[in-house]
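Content type TSV, C-alpha atoms and all ligand atoms, from the file target_35.tsv:
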chain	number	residue	atom	x	y	z
A	1	MET	CA	3.06	-24.57	-0.59
A	2	GLU	CA	4.22	-23.50	-4.01
A	3	VAL	CA	6.64	-20.56	-4.48
A	4	ILE	CA	6.79	-18.67	-7.77
A	5	VAL	CA	9.58	-16.15	-8.34
A	6	ARG	CA	9.11	-13.44	-10.97
A	7	ARG	CA	11.78	-11.06	-12.26
A	8	ASP	CA	10.37	-7.86	-10.81
A	9	LYS	CA	7.43	-6.31	-9.00
A	10	GLU	CA	5.50	-5.70	-12.20
A	11	ALA	CA	5.73	-9.32	-13.36
A	12	ALA	CA	4.85	-10.70	-9.90
A	13	THR	CA	1.88	-8.33	-9.65
A	14	ASP	CA	0.70	-9.24	-13.13
A	15	LEU	CA	0.75	-12.95	-12.29
A	16	VAL	CA	-1.36	-12.43	-9.15
A	17	ALA	CA	-3.88	-10.26	-11.03
A	18	ARG	CA	-4.08	-12.97	-13.72
A	19	LEU	CA	-4.76	-15.63	-11.05
A	20	VAL	CA	-7.66	-13.51	-9.73
A	21	VAL	CA	-9.04	-13.06	-13.24
A	22	LYS	CA	-8.79	-16.81	-13.90
A	23	GLN	CA	-10.64	-17.53	-10.66
A	24	VAL	CA	-13.48	-15.17	-11.63
A	25	MET	CA	-13.62	-16.46	-15.22
A	26	ASP	CA	-13.70	-20.10	-14.05
A	27	ASP	CA	-16.35	-19.37	-11.41
A	28	PRO	CA	-18.22	-16.06	-11.87
A	29	THR	CA	-19.89	-16.52	-8.46
A	30	SER	CA	-16.56	-16.81	-6.64
A	31	VAL	CA	-16.18	-15.67	-3.05
A	32	LEU	CA	-12.95	-13.67	-2.95
A	33	GLY	CA	-11.01	-12.82	0.21
A	34	LEU	CA	-9.32	-9.46	-0.32
A	35	ALA	CA	-6.37	-7.65	1.24
A	36	THR	CA	-5.32	-4.01	1.38
A	37	GLY	CA	-1.90	-2.35	1.73
A	38	ARG	CA	0.65	-0.89	-0.67
A	39	THR	CA	1.43	-4.18	-2.41
A	40	MET	CA	-2.24	-4.70	-3.27
A	41	GLU	CA	-2.67	-1.24	-4.83
A	42	ALA	CA	-0.66	-2.45	-7.82
A	43	VAL	CA	-2.68	-5.69	-8.03
A	44	TYR	CA	-5.98	-3.78	-8.14
A	45	ASP	CA	-4.58	-1.31	-10.70
A	46	ARG	CA	-3.56	-4.26	-12.86
A	47	LEU	CA	-6.97	-5.94	-12.42
A	48	VAL	CA	-8.73	-2.75	-13.52
A	49	ASP	CA	-6.38	-2.56	-16.48
A	50	ILE	CA	-7.08	-6.16	-17.56
A	51	ASP	CA	-10.80	-5.55	-17.09
A	52	ALA	CA	-10.67	-2.47	-19.33
A	53	LYS	CA	-8.82	-4.35	-22.06
A	54	GLU	CA	-10.38	-7.80	-21.84
A	55	GLY	CA	-13.60	-7.42	-19.85
A	56	VAL	CA	-13.97	-9.30	-16.56
A	57	ASP	CA	-17.43	-9.78	-15.10
A	58	PHE	CA	-17.35	-9.15	-11.33
A	59	SER	CA	-21.12	-8.71	-11.06
A	60	HIS	CA	-21.76	-12.08	-9.40
A	61	VAL	CA	-18.65	-12.13	-7.21
A	62	SER	CA	-18.80	-11.69	-3.42
A	63	THR	CA	-15.86	-10.37	-1.44
A	64	PHE	CA	-14.75	-10.45	2.18
A	65	ASN	CA	-11.89	-8.20	3.26
A	66	LEU	CA	-9.36	-9.45	5.74
A	67	ASP	CA	-9.51	-6.54	8.13
A	68	GLU	CA	-10.58	-3.07	9.21
A	69	TYR	CA	-9.24	-0.61	11.77
A	70	VAL	CA	-11.22	-0.30	15.01
A	71	GLY	CA	-12.63	3.20	15.40
A	72	LEU	CA	-12.71	4.13	11.71
A	73	ALA	CA	-16.14	4.58	10.12
A	74	PRO	CA	-16.58	3.16	6.60
A	75	GLU	CA	-16.69	6.78	5.27
A	76	ASP	CA	-13.37	7.67	6.92
A	77	GLU	CA	-10.82	8.26	4.18
A	78	ASN	CA	-8.31	6.02	5.99
A	79	SER	CA	-10.72	3.09	6.39
A	80	TYR	CA	-10.20	-0.06	4.39
A	81	ARG	CA	-13.75	0.40	2.99
A	82	SER	CA	-12.57	3.70	1.46
A	83	TYR	CA	-9.39	2.00	0.21
A	84	MET	CA	-11.37	-0.78	-1.48
A	85	ASN	CA	-13.82	1.66	-3.09
A	86	LYS	CA	-10.93	3.73	-4.39
A	87	TYR	CA	-8.72	0.96	-5.72
A	88	LEU	CA	-11.29	-1.61	-6.88
A	89	PHE	CA	-14.99	-1.43	-6.12
A	90	ASP	CA	-15.62	1.95	-7.80
A	91	ARG	CA	-13.68	0.85	-10.88
A	92	VAL	CA	-15.23	-2.50	-11.85
A	93	ASN	CA	-18.80	-3.80	-12.20
A	94	ILE	CA	-18.90	-5.40	-8.75
A	95	ASN	CA	-22.18	-5.25	-6.81
A	96	LYS	CA	-21.19	-3.37	-3.65
A	97	ALA	CA	-24.02	-5.07	-1.74
A	98	ASN	CA	-21.94	-8.25	-2.04
A	99	THR	CA	-18.73	-6.70	-0.67
A	100	TYR	CA	-18.12	-7.24	3.03
A	101	ILE	CA	-15.63	-5.49	5.31
A	102	PRO	CA	-15.78	-5.65	9.12
A	103	ASN	CA	-17.43	-2.61	10.70
A	104	GLY	CA	-14.72	-0.88	12.74
A	105	ILE	CA	-17.25	1.24	14.64
A	106	ALA	CA	-19.69	-1.54	15.56
A	107	GLU	CA	-21.12	-0.99	19.03
A	108	ASP	CA	-20.41	-4.60	19.99
A	109	LEU	CA	-17.12	-5.53	18.36
A	110	GLU	CA	-17.20	-9.15	19.51
A	111	GLU	CA	-20.64	-9.63	18.00
A	112	GLU	CA	-19.42	-7.96	14.80
A	113	CYS	CA	-16.57	-10.51	14.62
A	114	ARG	CA	-18.92	-13.45	15.22
A	115	MET	CA	-21.31	-12.16	12.57
A	116	TYR	CA	-18.50	-11.65	10.05
A	117	GLU	CA	-17.32	-15.23	10.50
A	118	ALA	CA	-20.94	-16.44	10.15
A	119	LYS	CA	-21.39	-14.45	6.93
A	120	ILE	CA	-18.28	-16.06	5.44
A	121	ARG	CA	-19.66	-19.52	6.29
A	122	ALA	CA	-23.12	-18.59	4.92
A	123	ALA	CA	-21.48	-17.55	1.64
A	124	GLY	CA	-19.97	-21.05	1.41
A	125	GLY	CA	-16.46	-20.09	2.57
A	126	ILE	CA	-13.73	-18.27	0.70
A	127	ASP	CA	-12.76	-19.69	-2.70
A	128	PHE	CA	-9.72	-17.52	-3.30
A	129	GLN	CA	-7.88	-15.56	-0.61
A	130	LEU	CA	-5.52	-12.77	-1.63
A	131	LEU	CA	-2.79	-11.99	0.93
A	132	GLY	CA	0.07	-9.62	1.57
A	133	ILE	CA	2.58	-10.00	4.38
A	134	GLY	CA	3.64	-7.44	6.98
A	135	SER	CA	7.22	-7.09	8.19
A	136	SER	CA	6.00	-8.56	11.51
A	137	GLY	CA	4.99	-11.69	9.57
A	138	HIS	CA	1.29	-10.90	9.87
A	139	ILE	CA	-1.32	-11.99	7.35
A	140	GLY	CA	-4.44	-9.89	7.72
A	141	PHE	CA	-3.68	-8.29	11.08
A	142	ASN	CA	-2.80	-11.57	12.76
A	143	GLU	CA	0.21	-10.31	14.63
A	144	PRO	CA	2.94	-12.57	16.09
A	145	LEU	CA	1.64	-15.16	18.57
A	146	SER	CA	-1.82	-15.27	16.98
A	147	ALA	CA	-3.38	-18.65	17.69
A	148	LEU	CA	-3.29	-20.90	14.65
A	149	LEU	CA	-6.95	-21.77	15.28
A	150	SER	CA	-8.05	-18.13	15.67
A	151	LEU	CA	-11.18	-16.82	13.98
A	152	THR	CA	-12.24	-13.22	13.23
A	153	ARG	CA	-11.51	-11.08	16.28
A	154	VAL	CA	-10.08	-7.80	17.53
A	155	LYS	CA	-6.27	-7.70	17.60
A	156	ALA	CA	-3.93	-5.10	19.06
A	157	LEU	CA	-1.44	-4.02	16.42
A	158	ASN	CA	2.21	-4.60	17.17
A	159	PRO	CA	4.81	-1.79	17.18
A	160	GLU	CA	6.36	-2.92	13.87
A	161	THR	CA	2.96	-2.74	12.16
A	162	ILE	CA	2.30	0.70	13.63
A	163	GLU	CA	5.67	1.82	12.27
A	164	GLN	CA	4.91	0.21	8.88
A	165	ASN	CA	1.44	1.75	8.44
A	166	SER	CA	1.42	5.04	10.38
A	167	PRO	CA	3.02	6.96	7.45
A	168	LEU	CA	-0.24	6.24	5.57
A	169	PHE	CA	-2.15	8.44	8.06
A	170	PRO	CA	-2.14	12.27	8.08
A	171	SER	CA	-0.22	12.06	11.37
A	172	PRO	CA	1.22	8.93	13.06
A	173	GLU	CA	-0.95	9.24	16.19
A	174	MET	CA	-4.10	9.06	14.02
A	175	MET	CA	-3.40	5.42	13.21
A	176	PRO	CA	-5.72	3.17	15.26
A	177	ARG	CA	-3.98	0.73	17.60
A	178	ARG	CA	-6.47	-2.11	17.10
A	179	ALA	CA	-8.13	-3.82	14.15
A	180	ILE	CA	-10.74	-6.45	13.44
A	181	THR	CA	-9.08	-9.23	11.47
A	182	MET	CA	-10.07	-12.58	10.03
A	183	GLY	CA	-8.30	-15.25	12.06
A	184	VAL	CA	-5.49	-17.57	11.01
A	185	ASP	CA	-7.93	-20.47	10.82
A	186	THR	CA	-10.37	-18.40	8.73
A	187	ILE	CA	-7.55	-17.83	6.24
A	188	ILE	CA	-6.29	-21.42	6.30
A	189	LYS	CA	-9.82	-22.66	5.55
A	190	SER	CA	-9.92	-20.78	2.22
A	191	ARG	CA	-9.88	-23.17	-0.73
A	192	ARG	CA	-7.00	-21.34	-2.40
A	193	ALA	CA	-4.62	-18.70	-1.06
A	194	VAL	CA	-2.22	-16.49	-3.01
A	195	LEU	CA	0.28	-14.32	-1.14
A	196	LEU	CA	2.19	-11.57	-2.93
A	197	ALA	CA	5.37	-9.99	-1.56
A	198	THR	CA	7.66	-7.66	-3.47
A	199	GLY	CA	10.81	-5.73	-2.64
A	200	GLU	CA	13.89	-6.39	-0.54
A	201	SER	CA	12.21	-5.25	2.67
A	202	LYS	CA	10.08	-8.43	2.56
A	203	ALA	CA	12.99	-10.86	1.92
A	204	GLU	CA	13.71	-11.75	5.54
A	205	ILE	CA	10.11	-12.37	6.56
A	206	ILE	CA	9.40	-14.36	3.37
A	207	ALA	CA	12.36	-16.66	4.12
A	208	LYS	CA	11.07	-17.19	7.67
A	209	ALA	CA	7.49	-17.82	6.54
A	210	VAL	CA	8.38	-20.20	3.71
A	211	GLU	CA	11.48	-22.02	4.98
A	212	GLY	CA	11.43	-21.45	8.72
A	213	PRO	CA	9.63	-23.64	11.23
A	214	LEU	CA	5.87	-23.45	11.54
A	215	THR	CA	5.52	-21.08	14.48
A	216	SER	CA	2.95	-18.64	15.79
A	217	ILE	CA	5.81	-16.12	16.13
A	218	VAL	CA	5.72	-15.86	12.33
A	219	THR	CA	2.00	-15.98	11.56
A	220	ALA	CA	2.50	-16.41	7.81
A	221	SER	CA	4.36	-19.69	8.43
A	222	ALA	CA	0.86	-21.10	9.17
A	223	LEU	CA	0.34	-21.05	5.41
A	224	GLN	CA	2.57	-24.14	5.34
A	225	LEU	CA	-0.58	-25.89	6.59
A	226	HIS	CA	-2.74	-24.57	3.74
A	227	LYS	CA	-3.88	-27.18	1.21
A	228	HIS	CA	-3.45	-24.93	-1.84
A	229	CYS	CA	-1.27	-21.92	-1.23
A	230	THR	CA	0.88	-20.07	-3.75
A	231	ILE	CA	3.50	-17.54	-2.69
A	232	VAL	CA	4.38	-15.11	-5.49
A	233	VAL	CA	7.55	-13.04	-4.99
A	234	ASP	CA	9.81	-10.88	-7.09
A	235	GLU	CA	13.57	-11.54	-7.13
A	236	ASP	CA	14.18	-8.95	-4.40
A	237	ALA	CA	11.72	-10.56	-1.99
A	238	ALA	CA	13.09	-14.02	-2.92
A	239	LYS	CA	16.69	-13.01	-2.12
A	240	LEU	CA	17.03	-14.97	1.13
A	241	LEU	CA	15.25	-18.15	-0.04
A	242	LYS	CA	17.60	-21.15	-0.31
B	301	LIG	C1	-4.15	-5.58	5.08
B	301	LIG	C2	-3.36	-6.81	5.17
B	301	LIG	C3	-1.94	-6.75	5.62
B	301	LIG	C4	-1.01	-6.28	4.49
B	301	LIG	C5	0.43	-6.22	4.98
B	301	LIG	C6	1.39	-5.75	3.90
B	301	LIG	O1	-5.45	-5.85	4.63
B	301	LIG	O2	-3.87	-7.85	4.89
B	301	LIG	O3	-1.56	-8.03	6.06
B	301	LIG	O4	-1.12	-7.15	3.41
B	301	LIG	O5	0.52	-5.35	6.08
B	301	LIG	O6	1.20	-4.39	3.64
B	301	LIG	P1	2.03	-3.65	2.50
B	301	LIG	O7	1.61	-4.22	1.20
B	301	LIG	O8	1.63	-2.21	2.65
B	301	LIG	O9	3.47	-3.90	2.79
Turn the structure described in the file into structure tokens.
Ligand code: F6R
Amino acid sequence: MEVIVRRDKEAATDLVARLVVKQVMDDPTSVLGLATGRTMEAVYDRLVDIDAKEGVDFSHVSTFNLDEYVGLAPEDENSYRSYMNKYLFDRVNINKANTYIPNGIAEDLEEECRMYEAKIRAAGGIDFQLLGIGSSGHIGFNEPLSALLSLTRVKALNPETIEQNSPLFPSPEMMPRRAITMGVDTIIKSRRAVLLATGESKAEIIAKAVEGPLTSIVTASALQLHKHCTIVVDEDAAKLLK
């Protein structure tokens, strides 16, 4: 695991966007694993910016998102499909037919999870996985005590995550209590993973994930097992690292 500290949020975000661009330039048919959340909004804005100035060809890229809320249709404005369209897919030349996000309203959720995992394998696995980290230590929606060998499945969201994300909904009770998420093993199997965390509120969980013991209580500590993982933090998020 490699840790890179940048002066501020802007510099950390720029580095992560540059790593995505390099991946796509080096391999235009890359399979990207994508994340959502507030931290990623800035990454996608930066990517769109670089694309506008320098031109990045996303037309042969495939993407798999980490997660989707159970009960939200793709058209729902709070779904992660809507988020991805808004922040990235509608703004670059990606072929939307090659963008995959779990279907939160699938009739058979277990089958949906199995199929999602199979589609990732059929695409040849994930070349580059983008990650954020929740204050609960989750990556994707793999909440504390997620099995290290877990695959895509339905997870109940923990109270800290509900507190973290409910302000993003018109009213707190509208936030779904469950999500489909790629598993820890799905993430660990990616060929490269890059996690971005910015701001002081992430300092404690970053220290636990990077320097604490490998434990399913802090899901992100499982990244210590990843063969090629880079953690990018700003100085605020790096505050409690030794
Ligand atoms: C969502 C996801 C989550 C977020 C995490 C951080 O797709 O993967 O693990 O990355 O909850 O969210 P923010 O950036 O809003 O703090």
Quick one: contact table of chain A to ligand LIG 301 (chain B), 9 Å max, nearest atom pair and distance in Å to one decimal per residue, counting only C-alpha atoms and all ligand atoms, chain and number order, as CSV?
residue,atom,partner,partner_atom,distance
A:Leu34,CA,B:LIG301,O1,7.2
A:Ala35,CA,B:LIG301,O1,3.9
A:Thr36,CA,B:LIG301,O1,3.7
A:Gly37,CA,B:LIG301,O8,3.7
A:Arg38,CA,B:LIG301,O8,3.7
A:Thr39,CA,B:LIG301,O7,3.6
A:Met40,CA,B:LIG301,O7,5.9
A:Glu41,CA,B:LIG301,O7,8.0
A:Asn65,CA,B:LIG301,O1,7.0
A:Leu66,CA,B:LIG301,O1,5.4
A:Asp67,CA,B:LIG301,O1,5.4
A:Glu68,CA,B:LIG301,O1,7.4
A:Tyr80,CA,B:LIG301,O1,7.5
A:Leu130,CA,B:LIG301,O2,8.3
A:Leu131,CA,B:LIG301,O4,5.7
A:Gly132,CA,B:LIG301,O4,3.3
A:Ile133,CA,B:LIG301,C5,4.4
A:Gly134,CA,B:LIG301,O5,3.9
A:Ser135,CA,B:LIG301,O5,7.2
A:Ser136,CA,B:LIG301,O5,8.4
A:Gly137,CA,B:LIG301,O3,8.3
A:His138,CA,B:LIG301,O3,5.6
A:Ile139,CA,B:LIG301,O3,4.2
A:Gly140,CA,B:LIG301,O2,3.5
A:Phe141,CA,B:LIG301,O3,5.5
A:Asn142,CA,B:LIG301,O3,7.7
A:Thr161,CA,B:LIG301,O5,7.1
A:Gln164,CA,B:LIG301,O8,7.4
A:Asn165,CA,B:LIG301,O8,7.0
A:Thr181,CA,B:LIG301,O1,8.4
A:Leu195,CA,B:LIG301,O4,8.6
A:Leu196,CA,B:LIG301,O4,8.4
A:Ala197,CA,B:LIG301,O7,7.4
A:Thr198,CA,B:LIG301,O7,8.4
A:Ser201,CA,B:LIG301,O9,8.8
A:Lys202,CA,B:LIG301,O9,8.0
When distances are computed from all atoms listed in the file, which of A:Pro159, A:His226, A:Tyr69, A:Asp14 shows the smallest separation from A:Arg178?
-> A:Tyr69
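Within 12 Å of A:Met174, once all atoms listed in the file are used and residues closer than 3 positions along the same chain are dropped, the contacting residues are Tyr69, Val70, Gly71, Leu72, Asp76, Glu77, Asn78, Ser79, Ile162, Asn165, Ser166, Pro167, Leu168, Phe169, Pro170, Ser171, Arg177 and Arg178 of chain A.
Ranking A:Leu223, A:Val24, A:Cys113, A:Ala209 by their shortest atom-to-atom distance to A:Arg153, with all atoms listed in the file included, puts A:Cys113 first.
For the set A:Asn103, A:Thr29, A:Asn85, A:Ser59, the residue with the smallest atom-to-atom gap to A:Tyr44 is A:Asn85, counting only C-alpha atoms.
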Between stretch 98-204 of chain A and stretch 19-22 of chain A, at 10 Å or less, what are the per-residue closest atom pairs and their distances in Å? Count all atoms listed in the file, order by chain and rising residue number, and return it as JSON lines.
{"residue": "A:Phe128", "atom": "CA", "partner": "A:Val20", "partner_atom": "CA", "distance": 7.9}
{"residue": "A:Gln129", "atom": "CA", "partner": "A:Val20", "partner_atom": "CA", "distance": 9.4}
{"residue": "A:Leu130", "atom": "CA", "partner": "A:Val20", "partner_atom": "CA", "distance": 8.4}
{"residue": "A:Val194", "atom": "CA", "partner": "A:Leu19", "partner_atom": "CA", "distance": 8.5}
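Pairwise distance (atom CA of A:Gly33, atom CA of A:Ala238) equals 24.3 Å.
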What does the distance from atom CA of A:Leu88 to atom CA of A:Val43 come to in Å, to one decimal?
-> 9.6 Å
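Closest approach to A:Pro102 among A:Ala42, A:Ala179, A:Ala12, A:Ala52: A:Ala179, based on only C-alpha atoms.
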Non-local contacts of stretch 90-94 of chain A (12 Å; all atoms listed in the file; under 4 positions in same chain excluded) as a PyMOL selection string = chain A and resi 24+28-30+32+44-52+55-63+81-86+98-100
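A straight line drawn from atom CA of A:Gln224 to atom CA of A:Arg114 is 26.0 Å long.
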Could you pull stretch 127-154 of chain A out of the structure just shown and give N, CA and C atoms as a short mmCIF file (atom, residue, chain, number, x, y, z; two decimals), in the first residue's frame?
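File written: out_7.cif
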data_model
loop_
_atom_site.label_atom_id
_atom_site.label_comp_id
_atom_site.auth_asym_id
_atom_site.auth_seq_id
_atom_site.Cartn_x
_atom_site.Cartn_y
_atom_site.Cartn_z
N ASP A 127 -9.79 -3.06 -14.04
CA ASP A 127 -8.39 -2.64 -14.19
C ASP A 127 -8.02 -1.59 -13.15
N PHE A 128 -8.95 -0.68 -12.90
CA PHE A 128 -8.65 0.48 -12.06
C PHE A 128 -9.87 0.80 -11.21
N GLN A 129 -9.76 0.64 -9.91
CA GLN A 129 -10.90 0.86 -9.02
C GLN A 129 -10.72 2.15 -8.23
N LEU A 130 -11.67 3.06 -8.42
CA LEU A 130 -11.66 4.32 -7.69
C LEU A 130 -12.46 4.13 -6.40
N LEU A 131 -11.93 4.64 -5.28
CA LEU A 131 -12.61 4.43 -3.99
C LEU A 131 -12.64 5.71 -3.16
N GLY A 132 -13.72 5.87 -2.40
CA GLY A 132 -13.74 6.82 -1.30
C GLY A 132 -13.79 6.01 -0.03
N ILE A 133 -13.90 6.68 1.10
CA ILE A 133 -14.02 5.94 2.37
C ILE A 133 -15.06 6.63 3.24
N GLY A 134 -15.95 5.84 3.83
CA GLY A 134 -16.97 6.41 4.72
C GLY A 134 -16.42 6.53 6.13
N SER A 135 -17.07 7.33 6.95
CA SER A 135 -16.58 7.47 8.33
C SER A 135 -16.70 6.16 9.11
N SER A 136 -17.54 5.23 8.62
CA SER A 136 -17.62 3.90 9.26
C SER A 136 -16.46 3.00 8.82
N GLY A 137 -15.66 3.49 7.87
CA GLY A 137 -14.56 2.67 7.34
C GLY A 137 -14.98 1.89 6.11
N HIS A 138 -16.22 2.12 5.64
CA HIS A 138 -16.66 1.34 4.48
C HIS A 138 -15.96 1.77 3.19
N ILE A 139 -15.80 0.80 2.30
CA ILE A 139 -15.45 1.06 0.90
C ILE A 139 -16.60 0.44 0.11
N GLY A 140 -17.08 1.13 -0.93
CA GLY A 140 -18.39 0.77 -1.45
C GLY A 140 -19.34 0.93 -0.27
N PHE A 141 -20.28 0.00 -0.12
CA PHE A 141 -21.11 0.02 1.09
C PHE A 141 -20.81 -1.21 1.93
N ASN A 142 -19.55 -1.62 1.95
CA ASN A 142 -19.13 -2.73 2.80
C ASN A 142 -18.94 -2.21 4.21
N GLU A 143 -20.00 -2.31 4.97
CA GLU A 143 -20.01 -1.76 6.33
C GLU A 143 -19.15 -2.63 7.26
N PRO A 144 -18.85 -2.13 8.48
CA PRO A 144 -18.04 -2.90 9.41
C PRO A 144 -18.55 -4.34 9.55
N LEU A 145 -17.58 -5.24 9.67
CA LEU A 145 -17.81 -6.69 9.80
C LEU A 145 -18.21 -7.34 8.47
N SER A 146 -17.96 -6.65 7.35
CA SER A 146 -18.15 -7.30 6.05
C SER A 146 -17.07 -8.37 5.91
N ALA A 147 -17.46 -9.53 5.38
CA ALA A 147 -16.47 -10.60 5.21
C ALA A 147 -15.43 -10.18 4.18
N LEU A 148 -14.18 -10.48 4.46
CA LEU A 148 -13.11 -10.09 3.54
C LEU A 148 -13.25 -10.79 2.20
N LEU A 149 -13.93 -11.94 2.18
CA LEU A 149 -14.09 -12.67 0.92
C LEU A 149 -15.46 -12.40 0.28
N SER A 150 -16.16 -11.35 0.75
CA SER A 150 -17.51 -11.09 0.22
C SER A 150 -17.48 -10.64 -1.23
N LEU A 151 -18.56 -11.02 -1.93
CA LEU A 151 -18.77 -10.59 -3.32
C LEU A 151 -19.96 -9.63 -3.34
N THR A 152 -20.39 -9.23 -4.53
CA THR A 152 -21.53 -8.30 -4.65
C THR A 152 -22.76 -8.88 -3.95
N ARG A 153 -23.36 -8.06 -3.10
CA ARG A 153 -24.52 -8.53 -2.31
C ARG A 153 -25.28 -7.34 -1.74
N VAL A 154 -26.40 -7.65 -1.09
CA VAL A 154 -27.18 -6.59 -0.44
C VAL A 154 -26.65 -6.40 0.98
#
